[in-house]
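Shown next: input.pdb, given as PDB, C-alpha atoms.
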```pdb
ATOM      1  CA  MET A   1    -134.695 -28.178  27.264
ATOM      2  CA  ASP A   2    -134.177 -30.823  29.884
ATOM      3  CA  ILE A   3    -137.444 -32.617  30.619
ATOM      4  CA  PHE A   4    -136.427 -33.909  34.027
ATOM      5  CA  PHE A   5    -139.977 -33.636  35.251
ATOM      6  CA  THR A   6    -141.364 -35.331  32.135
ATOM      7  CA  PRO A   7    -139.412 -38.554  32.024
ATOM      8  CA  SER A   8    -141.820 -40.267  29.661
ATOM      9  CA  PHE A   9    -144.642 -39.950  27.231
ATOM     10  CA  PRO A  10    -148.062 -40.954  28.612
ATOM     11  CA  VAL A  11    -147.639 -44.506  27.328
ATOM     12  CA  LEU A  12    -144.629 -44.921  29.620
ATOM     13  CA  CYS A  13    -144.495 -45.048  33.401
ATOM     14  CA  GLN A  14    -141.967 -43.585  35.787
ATOM     15  CA  ASP A  15    -140.138 -46.040  37.987
ATOM     16  CA  SER A  16    -141.685 -45.840  41.429
ATOM     17  CA  ARG A  17    -138.258 -45.684  43.028
ATOM     18  CA  GLY A  18    -137.758 -42.218  41.557
ATOM     19  CA  HIS A  19    -135.079 -43.018  39.023
ATOM     20  CA  ASN A  20    -134.846 -40.978  35.834
ATOM     21  CA  TYR A  21    -135.396 -43.857  33.424
ATOM     22  CA  THR A  22    -138.746 -45.108  32.242
ATOM     23  CA  ILE A  23    -140.391 -48.501  31.864
ATOM     24  CA  PRO A  24    -143.416 -49.512  29.778
ATOM     25  CA  CYS A  25    -146.756 -49.552  31.567
ATOM     26  CA  ALA A  26    -148.106 -53.047  31.994
ATOM     27  CA  ASP A  27    -151.580 -52.154  30.794
ATOM     28  CA  ASN A  28    -150.851 -48.908  28.959
ATOM     29  CA  GLN A  29    -152.395 -47.247  31.963
ATOM     30  CA  THR A  30    -153.429 -43.653  31.985
ATOM     31  CA  LEU A  31    -153.784 -41.222  34.805
ATOM     32  CA  ASN A  32    -157.546 -41.487  34.947
ATOM     33  CA  SER A  33    -157.351 -45.274  35.355
ATOM     34  CA  THR A  34    -154.789 -45.167  38.180
ATOM     35  CA  SER A  35    -156.095 -44.768  41.701
ATOM     36  CA  PRO A  36    -154.150 -42.683  44.236
ATOM     37  CA  SER A  37    -153.589 -45.720  46.437
ATOM     38  CA  THR A  38    -151.713 -47.573  43.670
ATOM     39  CA  VAL A  39    -149.357 -44.702  42.863
ATOM     40  CA  ASN A  40    -146.431 -44.163  45.213
ATOM     41  CA  PRO A  41    -145.514 -40.524  45.830
ATOM     42  CA  PRO A  42    -142.741 -39.846  43.308
ATOM     43  CA  ALA A  43    -139.370 -38.803  44.668
ATOM     44  CA  PHE A  44    -138.512 -35.187  43.937
ATOM     45  CA  GLY A  45    -134.834 -35.100  44.983
ATOM     46  CA  MET A  46    -133.516 -35.917  41.523
ATOM     47  CA  SER A  47    -135.855 -33.398  39.878
ATOM     48  CA  TYR A  48    -134.704 -30.707  42.291
ATOM     49  CA  PHE A  49    -131.054 -31.581  41.626
ATOM     50  CA  THR A  50    -131.559 -31.557  37.838
ATOM     51  CA  MET A  51    -133.397 -28.235  37.902
ATOM     52  CA  THR A  52    -130.623 -26.654  39.983
ATOM     53  CA  LEU A  53    -127.866 -28.108  37.827
ATOM     54  CA  GLY A  54    -129.592 -26.974  34.617
ATOM     55  CA  ALA A  55    -130.086 -23.448  35.957
ATOM     56  CA  LEU A  56    -126.437 -23.171  37.046
ATOM     57  CA  SER A  57    -125.256 -24.508  33.687
ATOM     58  CA  ASN A  58    -127.355 -21.955  31.811
ATOM     59  CA  LEU A  59    -126.103 -19.113  34.000
ATOM     60  CA  THR A  60    -122.503 -20.166  33.380
ATOM     61  CA  ALA A  61    -123.085 -20.370  29.636
ATOM     62  CA  LEU A  62    -124.718 -16.921  29.660
ATOM     63  CA  ALA A  63    -121.676 -15.467  31.418
ATOM     64  CA  ILE A  64    -119.399 -17.002  28.770
ATOM     65  CA  LEU A  65    -121.578 -15.634  25.967
ATOM     66  CA  ALA A  66    -121.601 -12.184  27.563
ATOM     67  CA  HIS A  67    -117.804 -12.191  27.476
ATOM     68  CA  SER A  68    -117.840 -13.367  23.863
ATOM     69  CA  TYR A  69    -120.308 -10.633  22.913
ATOM     70  CA  ALA A  70    -118.031  -7.988  24.415
ATOM     71  CA  SER A  71    -115.059  -9.390  22.495
ATOM     72  CA  PHE A  72    -116.717  -9.834  19.090
ATOM     73  CA  ARG A  73    -119.514  -7.269  19.068
ATOM     74  CA  ARG A  74    -118.172  -5.690  15.866
ATOM     75  CA  ARG A  75    -117.948  -8.967  13.965
ATOM     76  CA  ALA A  76    -120.430 -11.076  12.039
ATOM     77  CA  LYS A  77    -120.757 -13.436  14.998
ATOM     78  CA  VAL A  78    -123.164 -11.172  16.898
ATOM     79  CA  PRO A  79    -126.339 -12.704  15.351
ATOM     80  CA  PHE A  80    -125.227 -16.142  16.524
ATOM     81  CA  LEU A  81    -124.509 -14.827  20.017
ATOM     82  CA  LEU A  82    -127.909 -13.138  20.178
ATOM     83  CA  LEU A  83    -129.689 -16.358  19.185
ATOM     84  CA  ALA A  84    -127.582 -18.401  21.607
ATOM     85  CA  SER A  85    -128.291 -15.973  24.460
ATOM     86  CA  THR A  86    -132.019 -16.111  23.748
ATOM     87  CA  LEU A  87    -131.923 -19.910  23.686
ATOM     88  CA  LEU A  88    -130.129 -20.046  27.035
ATOM     89  CA  LEU A  89    -132.530 -17.544  28.596
ATOM     90  CA  SER A  90    -135.561 -19.512  27.421
ATOM     91  CA  ASP A  91    -134.013 -22.752  28.629
ATOM     92  CA  LEU A  92    -133.193 -21.174  32.004
ATOM     93  CA  ALA A  93    -136.759 -19.898  32.351
ATOM     94  CA  GLY A  94    -138.033 -23.347  31.390
ATOM     95  CA  HIS A  95    -135.964 -24.972  34.105
ATOM     96  CA  LEU A  96    -137.070 -22.553  36.784
ATOM     97  CA  ILE A  97    -140.766 -22.119  35.929
ATOM     98  CA  THR A  98    -141.748 -25.602  34.858
ATOM     99  CA  GLY A  99    -139.417 -27.091  37.435
ATOM    100  CA  ALA A 100    -141.091 -25.119  40.207
ATOM    101  CA  LEU A 101    -144.539 -26.213  39.018
ATOM    102  CA  ALA A 102    -143.468 -29.855  38.920
ATOM    103  CA  LEU A 103    -141.806 -29.725  42.320
ATOM    104  CA  ASN A 104    -144.943 -28.226  43.826
ATOM    105  CA  LEU A 105    -146.951 -31.238  42.645
ATOM    106  CA  HIS A 106    -144.243 -33.579  43.891
ATOM    107  CA  LEU A 107    -144.298 -31.976  47.332
ATOM    108  CA  GLU A 108    -148.085 -32.039  47.532
ATOM    109  CA  ARG A 109    -148.139 -35.761  46.798
ATOM    110  CA  VAL A 110    -145.409 -36.462  49.329
ATOM    111  CA  LYS A 111    -147.188 -34.282  51.898
ATOM    112  CA  HIS A 112    -150.387 -36.306  51.540
ATOM    113  CA  HIS A 113    -148.530 -39.635  51.218
ATOM    114  CA  GLY A 114    -150.234 -40.350  47.902
ATOM    115  CA  GLN A 115    -153.754 -40.047  49.354
ATOM    116  CA  MET A 116    -154.613 -36.804  47.611
ATOM    117  CA  GLU A 117    -156.473 -36.597  44.313
ATOM    118  CA  VAL A 118    -154.339 -37.644  41.374
ATOM    119  CA  GLU A 119    -155.338 -34.796  39.093
ATOM    120  CA  PRO A 120    -154.014 -31.306  39.876
ATOM    121  CA  PRO A 121    -156.420 -28.339  39.690
ATOM    122  CA  ARG A 122    -157.666 -27.623  36.170
ATOM    123  CA  ILE A 123    -156.290 -24.069  35.999
ATOM    124  CA  TYR A 124    -152.955 -25.217  37.404
ATOM    125  CA  CYS A 125    -152.740 -27.990  34.823
ATOM    126  CA  LYS A 126    -153.504 -25.615  31.951
ATOM    127  CA  LEU A 127    -150.768 -23.237  33.095
ATOM    128  CA  PHE A 128    -148.325 -26.111  33.519
ATOM    129  CA  GLY A 129    -149.125 -27.555  30.094
ATOM    130  CA  ALA A 130    -148.791 -24.164  28.398
ATOM    131  CA  CYS A 131    -145.361 -23.670  29.981
ATOM    132  CA  MET A 132    -144.321 -27.155  28.886
ATOM    133  CA  VAL A 133    -145.249 -26.512  25.260
ATOM    134  CA  PHE A 134    -143.809 -22.983  25.134
ATOM    135  CA  PHE A 135    -140.488 -23.747  26.814
ATOM    136  CA  GLY A 136    -140.253 -26.983  24.860
ATOM    137  CA  LEU A 137    -140.657 -25.407  21.438
ATOM    138  CA  CYS A 138    -138.613 -22.231  21.979
ATOM    139  CA  PRO A 139    -135.206 -23.912  22.441
ATOM    140  CA  LEU A 140    -135.881 -26.265  19.518
ATOM    141  CA  LEU A 141    -136.823 -23.415  17.185
ATOM    142  CA  LEU A 142    -133.949 -21.205  18.358
ATOM    143  CA  GLY A 143    -131.459 -24.048  17.941
ATOM    144  CA  SER A 144    -132.673 -24.530  14.383
ATOM    145  CA  ALA A 145    -132.347 -20.794  13.693
ATOM    146  CA  MET A 146    -128.781 -20.859  15.042
ATOM    147  CA  ALA A 147    -127.915 -23.770  12.749
ATOM    148  CA  VAL A 148    -129.335 -21.999   9.682
ATOM    149  CA  GLU A 149    -127.536 -18.757  10.572
ATOM    150  CA  ARG A 150    -124.183 -20.537  10.892
ATOM    151  CA  CYS A 151    -124.782 -22.529   7.715
ATOM    152  CA  ILE A 152    -125.272 -19.301   5.751
ATOM    153  CA  GLY A 153    -122.308 -17.659   7.484
ATOM    154  CA  ILE A 154    -119.933 -20.532   6.721
ATOM    155  CA  THR A 155    -121.089 -21.583   3.256
ATOM    156  CA  GLN A 156    -122.093 -18.122   1.927
ATOM    157  CA  PRO A 157    -120.197 -15.468   3.919
ATOM    158  CA  LEU A 158    -120.873 -12.637   1.455
ATOM    159  CA  LEU A 159    -124.595 -13.394   1.426
ATOM    160  CA  HIS A 160    -124.560 -13.625   5.221
ATOM    161  CA  SER A 161    -123.269 -10.077   5.633
ATOM    162  CA  THR A 162    -126.171  -8.662   3.610
ATOM    163  CA  VAL A 163    -129.027 -11.006   4.531
ATOM    164  CA  VAL A 164    -128.442 -11.839   8.186
ATOM    165  CA  THR A 165    -128.793  -8.446   9.857
ATOM    166  CA  MET A 166    -129.479  -7.767  13.510
ATOM    167  CA  THR A 167    -132.918  -6.401  12.636
ATOM    168  CA  ARG A 168    -133.877  -9.627  10.880
ATOM    169  CA  VAL A 169    -132.438 -11.742  13.681
ATOM    170  CA  ARG A 170    -134.489  -9.850  16.264
ATOM    171  CA  PHE A 171    -137.558 -10.272  14.073
ATOM    172  CA  SER A 172    -136.837 -14.006  13.833
ATOM    173  CA  VAL A 173    -136.624 -14.261  17.622
ATOM    174  CA  LEU A 174    -139.941 -12.439  17.919
ATOM    175  CA  LEU A 175    -141.520 -14.721  15.294
ATOM    176  CA  ILE A 176    -140.255 -17.861  17.030
ATOM    177  CA  THR A 177    -141.542 -16.675  20.386
ATOM    178  CA  SER A 178    -144.916 -15.789  18.880
ATOM    179  CA  MET A 179    -145.268 -19.218  17.219
ATOM    180  CA  ALA A 180    -144.496 -21.072  20.433
ATOM    181  CA  LEU A 181    -146.728 -18.777  22.465
ATOM    182  CA  THR A 182    -149.636 -19.192  20.037
ATOM    183  CA  LEU A 183    -149.460 -22.979  20.063
ATOM    184  CA  ALA A 184    -149.101 -23.072  23.845
ATOM    185  CA  GLY A 185    -151.929 -20.600  24.413
ATOM    186  CA  LEU A 186    -154.598 -22.190  22.238
ATOM    187  CA  PRO A 187    -155.769 -24.645  24.955
ATOM    188  CA  LEU A 188    -156.067 -21.678  27.323
ATOM    189  CA  LEU A 189    -158.653 -20.341  24.853
ATOM    190  CA  ASN A 190    -160.497 -23.692  24.933
ATOM    191  CA  VAL A 191    -159.003 -24.824  21.631
ATOM    192  CA  GLY A 192    -157.786 -28.227  22.719
ATOM    193  CA  ASN A 193    -156.877 -29.052  26.300
ATOM    194  CA  TYR A 194    -154.096 -30.011  28.677
ATOM    195  CA  LYS A 195    -154.354 -33.226  30.676
ATOM    196  CA  PRO A 196    -152.467 -34.515  33.735
ATOM    197  CA  GLN A 197    -149.920 -37.170  32.831
ATOM    198  CA  PHE A 198    -148.743 -40.168  34.808
ATOM    199  CA  PRO A 199    -147.942 -40.117  37.693
ATOM    200  CA  GLY A 200    -149.837 -36.868  38.178
ATOM    201  CA  THR A 201    -146.848 -34.536  38.513
ATOM    202  CA  TRP A 202    -146.948 -32.864  35.097
ATOM    203  CA  CYS A 203    -149.443 -31.798  32.433
ATOM    204  CA  PHE A 204    -149.255 -31.874  28.665
ATOM    205  CA  LEU A 205    -151.311 -32.243  25.514
ATOM    206  CA  PRO A 206    -153.421 -35.437  25.672
ATOM    207  CA  VAL A 207    -152.401 -38.377  23.508
ATOM    208  CA  ASN A 208    -154.403 -41.281  24.993
ATOM    209  CA  GLY A 209    -158.085 -42.015  25.176
ATOM    210  CA  PRO A 210    -160.822 -40.304  23.171
ATOM    211  CA  LEU A 211    -159.384 -37.141  21.637
ATOM    212  CA  SER A 212    -161.067 -34.220  19.976
ATOM    213  CA  ILE A 213    -159.973 -32.906  16.598
ATOM    214  CA  ALA A 214    -158.379 -29.917  18.326
ATOM    215  CA  ASP A 215    -156.366 -32.170  20.654
ATOM    216  CA  VAL A 216    -155.096 -34.301  17.780
ATOM    217  CA  SER A 217    -154.256 -31.227  15.695
ATOM    218  CA  LEU A 218    -152.307 -29.548  18.481
ATOM    219  CA  THR A 219    -150.399 -32.700  19.334
ATOM    220  CA  LEU A 220    -149.481 -33.320  15.699
ATOM    221  CA  ALA A 221    -148.514 -29.666  15.254
ATOM    222  CA  PHE A 222    -146.187 -29.846  18.257
ATOM    223  CA  SER A 223    -144.596 -33.113  17.106
ATOM    224  CA  ILE A 224    -144.223 -32.158  13.440
ATOM    225  CA  LEU A 225    -142.831 -28.712  14.245
ATOM    226  CA  GLY A 226    -140.357 -30.189  16.709
ATOM    227  CA  LEU A 227    -139.204 -32.891  14.285
ATOM    228  CA  LEU A 228    -138.815 -30.349  11.467
ATOM    229  CA  THR A 229    -136.573 -28.171  13.636
ATOM    230  CA  LEU A 230    -134.374 -31.174  14.432
ATOM    231  CA  ILE A 231    -134.138 -32.133  10.741
ATOM    232  CA  VAL A 232    -133.256 -28.568   9.730
ATOM    233  CA  SER A 233    -130.601 -28.416  12.441
ATOM    234  CA  LEU A 234    -129.064 -31.722  11.355
ATOM    235  CA  VAL A 235    -128.966 -30.761   7.674
ATOM    236  CA  SER A 236    -127.585 -27.259   8.346
ATOM    237  CA  ASN A 237    -124.913 -28.516  10.737
ATOM    238  CA  THR A 238    -123.885 -31.239   8.283
ATOM    239  CA  LEU A 239    -123.434 -28.718   5.458
ATOM    240  CA  SER A 240    -121.503 -26.363   7.732
ATOM    241  CA  GLY A 241    -119.276 -29.157   9.001
ATOM    242  CA  LEU A 242    -118.473 -30.345   5.494
ATOM    243  CA  LYS A 243    -117.592 -26.794   4.456
ATOM    244  CA  LEU A 244    -115.262 -26.347   7.432
ATOM    245  CA  LEU A 245    -113.652 -29.719   6.708
ATOM    246  CA  GLN A 246    -113.142 -28.713   3.098
ATOM    247  CA  ALA A 247    -111.558 -25.437   4.180
ATOM    248  CA  ARG A 248    -109.252 -27.254   6.605
ATOM    249  CA  ILE A 249    -108.097 -29.658   3.885
ATOM    250  CA  LYS A 250    -107.539 -26.771   1.488
ATOM    251  CA  ASP A 251    -105.454 -24.883   4.040
ATOM    252  CA  GLY A 252    -103.399 -27.993   4.707
ATOM    253  CA  CYS A 253    -102.590 -28.302   1.010
ATOM    254  CA  LEU A 254    -101.149 -24.796   0.676
ATOM    255  CA  LYS A 255     -97.528 -24.887  -0.454
ATOM    256  CA  SER A 256     -96.444 -21.342   0.314
ATOM    257  CA  SER A 257     -95.636 -20.747   3.994
ATOM    258  CA  ALA A 258     -95.352 -17.017   3.265
ATOM    259  CA  ALA A 259     -98.954 -16.968   2.077
ATOM    260  CA  ARG A 260    -100.039 -18.787   5.225
ATOM    261  CA  ARG A 261     -98.197 -16.280   7.438
ATOM    262  CA  HIS A 262     -99.724 -13.375   5.548
ATOM    263  CA  GLY A 263    -103.274 -14.399   6.454
ATOM    264  CA  SER A 264    -102.470 -16.195   9.671
ATOM    265  CA  PHE A 265    -104.287 -13.931  12.119
ATOM    266  CA  SER A 266    -107.462 -13.119  10.252
ATOM    267  CA  SER A 267    -108.172 -16.472   8.623
ATOM    268  CA  SER A 268    -107.065 -18.716  11.485
ATOM    269  CA  SER A 269    -108.856 -16.693  14.161
ATOM    270  CA  LEU A 270    -112.090 -16.559  12.226
ATOM    271  CA  HIS A 271    -111.766 -20.244  11.348
ATOM    272  CA  SER A 272    -111.267 -21.159  15.007
ATOM    273  CA  LEU A 273    -114.360 -19.153  15.912
ATOM    274  CA  ASP A 274    -116.393 -21.009  13.306
ATOM    275  CA  VAL A 275    -115.145 -24.352  14.621
ATOM    276  CA  GLU A 276    -115.959 -23.324  18.200
ATOM    277  CA  MET A 277    -119.496 -22.274  17.294
ATOM    278  CA  MET A 278    -120.059 -25.423  15.235
ATOM    279  CA  THR A 279    -118.920 -27.503  18.191
ATOM    280  CA  GLN A 280    -121.477 -25.741  20.382
ATOM    281  CA  LEU A 281    -124.177 -26.286  17.780
ATOM    282  CA  ALA A 282    -123.269 -29.950  17.416
ATOM    283  CA  VAL A 283    -123.607 -30.471  21.169
ATOM    284  CA  ILE A 284    -126.962 -28.643  21.236
ATOM    285  CA  THR A 285    -128.263 -30.670  18.281
ATOM    286  CA  VAL A 286    -127.160 -34.026  19.690
ATOM    287  CA  VAL A 287    -128.708 -33.298  23.093
ATOM    288  CA  SER A 288    -131.939 -32.099  21.464
ATOM    289  CA  CYS A 289    -132.170 -35.183  19.248
ATOM    290  CA  VAL A 290    -131.504 -37.598  22.111
ATOM    291  CA  CYS A 291    -133.954 -35.894  24.486
ATOM    292  CA  TRP A 292    -136.732 -34.995  22.083
ATOM    293  CA  SER A 293    -136.770 -37.500  19.206
ATOM    294  CA  PRO A 294    -138.388 -40.411  21.130
ATOM    295  CA  PHE A 295    -140.885 -38.027  22.727
ATOM    296  CA  LEU A 296    -141.867 -36.385  19.436
ATOM    297  CA  VAL A 297    -142.024 -39.619  17.418
ATOM    298  CA  LEU A 298    -144.153 -41.477  19.957
TER     299      LEU A 298
END
```
Once more with this new file: its structure as structure tokens, please.
Amino acid sequence: MDIFFTPSFPVLCQDSRGHNYTIPCADNQTLNSTSPSTVNPPAFGMSYFTMTLGALSNLTALAILAHSYASFRRRAKVPFLLLASTLLLSDLAGHLITGALALNLHLERVKHHGQMEVEPPRIYCKLFGACMVFFGLCPLLLGSAMAVERCIGITQPLLHSTVVTMTRVRFSVLLITSMALTLAGLPLLNVGNYKPQFPGTWCFLPVNGPLSIADVSLTLAFSILGLLTLIVSLVSNTLSGLKLLQARIKDGCLKSSAARRHGSFSSSSLHSLDVEMMTQLAVITVVSCVCWSPFLVL
């Protein structure tokens, strides 16, 4: 999920000119140590543009997947399409919901010219933080599930047809959603807390200052779970890619053109589908690693 409204971890500061890159804080400042008069109202134009672009991109991808589902609904690719559709829906909801919450804080600060209180209302911050954690974990977990599903389908196709059923895929989606919802909802039950983050336009699990055991546990759980999903995705995609490369080399070494023509439609079409899906997974994994790895490690 794009974190356009969370350009940095709390130990980093957003450039006051509203750009999307981050710079280190001079004194490792936190929100509580920054007075409203020293914080310029952050620009919200780029956040609004990114939220709109992300939503349109997700809608376009959903339309493409809907067409693919209609074309291949009787094939073994349906589990992948279901997981991909769920990922896009969660990412779209993340853009719209968390983006709207962030833009509201942006507009309030601009409206008051930076003279309002830095911290948003407590209830608002808890809701914002819960949405951040939930819509942050869901795409990561779903992307990992997609990678595992394709790894089984490419490396063990016979096992895939018996193990990866639609019932189990739906159960996996429900389990993933429940895990993310549980972790995000614990601070709402006073197990841990959500804190405003610099420059006061988003909320997340606290990482600076005196932390309770619950805060540390939740933050570590979020980071470790996110990093594990990225590692699983990388390993699964690597195994799948090597298998497809091996199959391509083997096909290129076939001597009989008659044998190639005999299986031309079924093998080549299915192979092209596998390559297409692996390309999509590779893009998802690279984007997730680039966007999330620094955040999770720090």
Return as AutoDock Vina command-line options the centre and edge lengths, in Å with one decimal, of the box along x, y and z that encloses every atom of region 79-94 of chain A in the file, padded by 4 Å per side.
```
--center_x -131.3 --center_y -18.0 --center_z 23.9 --size_x 21.5 --size_y 18.6 --size_z 25.0
```
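Closest approach to Met166 (chain A) among A:Glu276, A:Leu56, A:Phe80, A:Pro187 is made by A:Phe80 (distances from only C-alpha atoms).
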Reference answer for the PyMOL selection byres ((chain A and resi 120) around 12), as a PyMOL selection string: chain A and resi 31-32+101-102+104-106+108-109+116-119+121-129+194-203
Among listed residues A:Leu96, A:Leu234, A:Val164, A:Cys151, nearest Met277 (chain A) (using all atoms listed in the file): A:Cys151
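For the pair CA of Gly136 (chain A) and CA of Gly226 (chain A), the separation is 8.8 Å.
The coordinates place CA of Val283 (chain A) at 18.7 Å from CA of His95 (chain A).
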Residue IDs satisfying the PyMOL selection byres ((chain A and resi 173) around 12), as an MDAnalysis selection string: chainID A and resid 79:80 82:87 90 138:139 141:146 166:172 174:180
Output of the above residues as a tab-separated table (two decimals), in the coordinates of the input, restricted to C-alpha atoms:
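Result saved to part.tsv:
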```tsv
chain	number	residue	atom	x	y	z
A	79	PRO	CA	-126.34	-12.70	15.35
A	80	PHE	CA	-125.23	-16.14	16.52
A	82	LEU	CA	-127.91	-13.14	20.18
A	83	LEU	CA	-129.69	-16.36	19.18
A	84	ALA	CA	-127.58	-18.40	21.61
A	85	SER	CA	-128.29	-15.97	24.46
A	86	THR	CA	-132.02	-16.11	23.75
A	87	LEU	CA	-131.92	-19.91	23.69
A	90	SER	CA	-135.56	-19.51	27.42
A	138	CYS	CA	-138.61	-22.23	21.98
A	139	PRO	CA	-135.21	-23.91	22.44
A	141	LEU	CA	-136.82	-23.42	17.18
A	142	LEU	CA	-133.95	-21.20	18.36
A	143	GLY	CA	-131.46	-24.05	17.94
A	144	SER	CA	-132.67	-24.53	14.38
A	145	ALA	CA	-132.35	-20.79	13.69
A	146	MET	CA	-128.78	-20.86	15.04
A	166	MET	CA	-129.48	-7.77	13.51
A	167	THR	CA	-132.92	-6.40	12.64
A	168	ARG	CA	-133.88	-9.63	10.88
A	169	VAL	CA	-132.44	-11.74	13.68
A	170	ARG	CA	-134.49	-9.85	16.26
A	171	PHE	CA	-137.56	-10.27	14.07
A	172	SER	CA	-136.84	-14.01	13.83
A	174	LEU	CA	-139.94	-12.44	17.92
A	175	LEU	CA	-141.52	-14.72	15.29
A	176	ILE	CA	-140.26	-17.86	17.03
A	177	THR	CA	-141.54	-16.68	20.39
A	178	SER	CA	-144.92	-15.79	18.88
A	179	MET	CA	-145.27	-19.22	17.22
A	180	ALA	CA	-144.50	-21.07	20.43
```
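Considering only C-alpha atoms, the residue among A:Leu228, A:Ile152, A:Val216, A:Val207 positioned nearest to Ser240 (chain A) is A:Ile152.
In this structure, CA of Phe135 (chain A) sits 26.5 Å away from CA of Pro210 (chain A).
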Nearest to Ala184 (chain A), chosen from A:Cys131, A:Ala147, A:Leu211, A:Ile224, with all atoms listed in the file counted in the distances: A:Cys131
Using only C-alpha atoms: which of A:Leu81, A:Leu88, A:Leu183, A:Ala55 has the shortest distance to His67 (chain A): A:Leu81
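Shortest separation to Val235 (chain A) among A:Val287, A:Val148, A:Leu159, A:Leu205 occurs at residue A:Val148, atoms counted being only C-alpha atoms.
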